[in-house]
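J.: Provided herewith is a single structure, encoded as structure tokens, for subsequent inquiry.
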Amino acid sequence: MAHPTVPERSSVTYASAGVDIERANRTKQRIKYLAHKTFTKNVLSEIGSFGGIFSVDRKKYRDPVLVSSVDGVGTKLKVAFEMNLHHTVGSDLVNHCVNDIAVQGAAPLFFMDYFATGKLETEVAEKVITGIADACKHNGCALIGGETAEMPGFYPEGEYDLAGFIVGIAERDRVITGKDVQVGDVLVGLPSNGLHTNGYSLARKLLFEVARYSPETYVNELKSKVGNELMRVHKSYWPLVKKLVEGEAVSAMAHITGGGITENLPRVLPKGMAAMVQLGSWPVQPLFGHLQKLGNIDQDEMMRAFNMGIGMVLVVPPKKFKKVQGILERTSEKGYTIGRITKGEKKVIYS
């Protein structure tokens, strides 16, 4: 009996499944070039090796400890996709991570990123990595590696996810933990320049669903287009914090991210202490007031959902207050006296 003939089938490739290795390689070559511009003399590996190698300067540190953090950009990415604006989210990512370790007194050493998408768009990936490399350079941090993952069917078309990993260094006896915070210490708030990278799920709901704005809508109250307000870059406080750390001028610092002042300031308070924060003691950007009005949101919820115009809080011993003021002036940074440390149980009390 004759066997039925099997129809000729074309060979299945990885590209036909949606992963184009050639395109990925071209993208990686471009990333290599961008990363190289951030390299310091301590980078010992090449981009593309299995692990990034970095040497610690033993002359500069007597007893160094490493401080690490990891974060993403959250749903701010949704606004980036809608506006087709990809340069700023890379800077958001780096600056957020830099601030997270800066509050412990750590200088950024190196950074690694994770970029994942359904179909790799070379131009988009390059814009994101350019933003990462620029912010690394600005913060004195080397971009020593990362992962560009193409995962067909995993993300909606035109979307990607982004995460970053940072490692910094501090002298063991100079790590800032908050253990030296005392009753009577002054709280100095450093202004944010908008939402930074938190509260976007609520902000998007209010602006795009409740108010029915688009990113292109000009809102008089904001004196700006909605998209521009939402895409302001998360500020890096490292140039200022570096001077505060060198001057041993603060007893603690809190990066005000998801959870606002309400959730973040208690993270650096010792047992038996609370923070008394005076509402109205700093200027709040119009965006926050507009969001509050759109959602009829009560003040406590606002303070927990958003940074409300304060991106970092310094806890300053009274005898160091003048020094901190001097450092702020020299770095042309603003700081607002927003409260004090009192007796209490690791929470923020608003007055």
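Residue numbering restarts at 1 for every chain of the structure tokens, chains are lettered A, B, ... in their displayed order, and ligands are numbered from 1 as they appear.
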What residues in segment 188-330 of chain A get the DSSP label strand (DSSP E)? Please answer as a VMD selection string.

T.: chain A and resid 188 to 191 218 to 219 224 to 225 252 to 255 273 to 277 310 to 316

J.: Neighbours of segment 24-30 of chain A within 12 Å (only C-alpha atoms; same-chain residues fewer than 5 positions away dropped), as an MDAnalysis selection string?

T.: chainID A and resid 15 18:19 35:37 46:49 115:117 119:130 133 145:151

J.: The selected residues should be written to file as a short mmCIF file (atom, residue, chain, number, x, y, z; two decimals), in the first residue's frame (atoms: N, CA and C atoms).

T.:
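Below is the file part.cif, written as the result:
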```
data_model
loop_
_atom_site.label_atom_id
_atom_site.label_comp_id
_atom_site.auth_asym_id
_atom_site.auth_seq_id
_atom_site.Cartn_x
_atom_site.Cartn_y
_atom_site.Cartn_z
N ALA A 15 12.50 33.72 14.07
CA ALA A 15 11.94 34.96 13.54
C ALA A 15 10.46 34.79 13.18
N GLY A 18 8.31 35.31 15.90
CA GLY A 18 8.21 36.70 16.36
C GLY A 18 9.46 37.24 17.03
N VAL A 19 10.52 36.43 17.11
CA VAL A 19 11.76 36.91 17.73
C VAL A 19 12.84 37.04 16.66
N ALA A 35 26.07 52.84 26.25
CA ALA A 35 26.56 52.46 27.58
C ALA A 35 28.02 52.85 27.76
N HIS A 36 28.81 52.69 26.71
CA HIS A 36 30.24 53.01 26.77
C HIS A 36 30.49 54.43 27.25
N LYS A 37 29.60 55.34 26.85
CA LYS A 37 29.78 56.75 27.22
C LYS A 37 29.61 56.98 28.72
N GLU A 46 32.89 44.04 29.41
CA GLU A 46 32.36 44.61 28.18
C GLU A 46 30.85 44.41 28.17
N ILE A 47 30.13 45.30 27.53
CA ILE A 47 28.67 45.09 27.37
C ILE A 47 28.49 43.83 26.50
N GLY A 48 27.65 42.93 26.97
CA GLY A 48 27.44 41.70 26.20
C GLY A 48 28.04 40.48 26.90
N SER A 49 28.89 40.73 27.91
CA SER A 49 29.38 39.56 28.66
C SER A 49 28.25 39.08 29.58
N PHE A 115 14.63 45.74 29.86
CA PHE A 115 13.67 46.28 28.91
C PHE A 115 13.01 45.10 28.20
N ALA A 116 11.69 44.97 28.36
CA ALA A 116 10.99 43.82 27.76
C ALA A 116 9.82 44.30 26.92
N THR A 117 9.65 43.69 25.76
CA THR A 117 8.59 44.12 24.85
C THR A 117 8.12 42.93 24.01
N LYS A 119 7.36 43.07 20.55
CA LYS A 119 8.12 43.14 19.30
C LYS A 119 9.11 44.28 19.45
N LEU A 120 10.37 43.98 19.32
CA LEU A 120 11.42 44.97 19.55
C LEU A 120 11.41 46.04 18.46
N GLU A 121 11.08 47.26 18.85
CA GLU A 121 11.15 48.40 17.93
C GLU A 121 12.48 49.08 18.23
N THR A 122 13.43 48.94 17.32
CA THR A 122 14.80 49.42 17.55
C THR A 122 14.82 50.89 17.99
N GLU A 123 14.05 51.72 17.30
CA GLU A 123 14.07 53.16 17.57
C GLU A 123 13.57 53.47 18.99
N VAL A 124 12.49 52.79 19.39
CA VAL A 124 11.92 53.01 20.72
C VAL A 124 12.91 52.57 21.80
N ALA A 125 13.44 51.36 21.64
CA ALA A 125 14.40 50.83 22.62
C ALA A 125 15.59 51.78 22.76
N GLU A 126 16.05 52.28 21.63
CA GLU A 126 17.21 53.18 21.65
C GLU A 126 16.92 54.47 22.41
N LYS A 127 15.70 55.00 22.22
CA LYS A 127 15.33 56.24 22.93
C LYS A 127 15.29 56.00 24.44
N VAL A 128 14.72 54.86 24.84
CA VAL A 128 14.64 54.53 26.27
C VAL A 128 16.05 54.41 26.85
N ILE A 129 16.92 53.66 26.16
CA ILE A 129 18.29 53.43 26.67
C ILE A 129 19.10 54.73 26.64
N THR A 130 18.84 55.60 25.66
CA THR A 130 19.51 56.91 25.64
C THR A 130 19.17 57.69 26.91
N ALA A 133 21.11 56.11 29.75
CA ALA A 133 22.54 56.44 29.68
C ALA A 133 22.79 57.90 30.07
N GLY A 145 25.38 47.00 32.01
CA GLY A 145 24.73 45.83 31.42
C GLY A 145 23.23 45.94 31.53
N GLY A 146 22.56 44.93 31.00
CA GLY A 146 21.10 44.93 31.05
C GLY A 146 20.54 43.77 30.26
N GLU A 147 19.25 43.79 30.10
CA GLU A 147 18.58 42.72 29.36
C GLU A 147 17.53 43.34 28.45
N THR A 148 17.60 43.01 27.17
CA THR A 148 16.58 43.43 26.21
C THR A 148 15.84 42.16 25.80
N ALA A 149 14.61 42.01 26.27
CA ALA A 149 13.86 40.78 26.02
C ALA A 149 12.73 41.02 25.03
N GLU A 150 12.69 40.17 24.00
CA GLU A 150 11.60 40.23 23.02
C GLU A 150 10.69 39.04 23.29
N MET A 151 9.45 39.31 23.68
CA MET A 151 8.52 38.24 24.08
C MET A 151 7.20 38.38 23.32
#
```

J.: List every residue of segment 31-280 of chain A that DSSP, applied to the backbone of this structure, places in alpha helix (DSSP H), and write the result as a ChimeraX atom specification.

T.: /A:31-36,76-83,87-102,122-139,200-204,226-230,238-246,260-264

J.: Can you work out which one of A:Met83, A:Arg23, A:Ile256, A:Phe50 has the shortest atom-to-atom distance to Ser214 of chain A, counting only C-alpha atoms?

T.: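 Under the stated criterion, the closest residue is A:Met83.
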
J.: For segment 86-148 of chain A against segment 180-203 of chain A, with a cut-off of 12 Å and counting only C-alpha atoms, what is the closest atom pair and its distance in Å to one decimal for every residue that makes the cut, ordered by chain and number, as a tab-separated table?

T.:
```
residue	atom	partner	partner_atom	distance
A:Thr88	CA	A:His196	CA	11.1
A:Val89	CA	A:Thr197	CA	9.1
A:Gly90	CA	A:Thr197	CA	11.5
A:Ser91	CA	A:His196	CA	10.8
A:Asp92	CA	A:Thr197	CA	7.1
A:Leu93	CA	A:Thr197	CA	8.4
A:Val94	CA	A:Thr197	CA	11.3
A:Asn95	CA	A:His196	CA	9.6
A:His96	CA	A:Thr197	CA	7.8
A:Cys97	CA	A:Thr197	CA	11.0
A:Asn99	CA	A:His196	CA	11.6
```

J.: For the selection you just gave me, I'd like the residues written to a file as a compact mmCIF listing (two decimals), in the first residue's frame, keeping C-alpha atoms.

T.:
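Printed below is selection_34.txt as written:
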```
# COMPACT_ATOMS: atom_id res chain seq x y z
CA THR A 88 12.27 60.64 29.59
CA VAL A 89 11.15 57.32 31.15
CA GLY A 90 14.75 56.05 31.04
CA SER A 91 15.87 59.07 33.08
CA ASP A 92 12.90 58.58 35.45
CA LEU A 93 14.07 55.04 36.12
CA VAL A 94 17.69 55.94 36.91
CA ASN A 95 16.89 59.00 39.02
CA HIS A 96 14.32 57.09 41.08
CA CYS A 97 16.88 54.36 41.86
CA ASN A 99 17.44 58.74 45.08
```

J.: Which one is closest to Ile176 of chain A: A:Gly72, A:Pro152, A:Gly227, A:Gly105? Count only C-alpha atoms.

T.: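 Under the stated criterion, the closest residue is A:Gly105.
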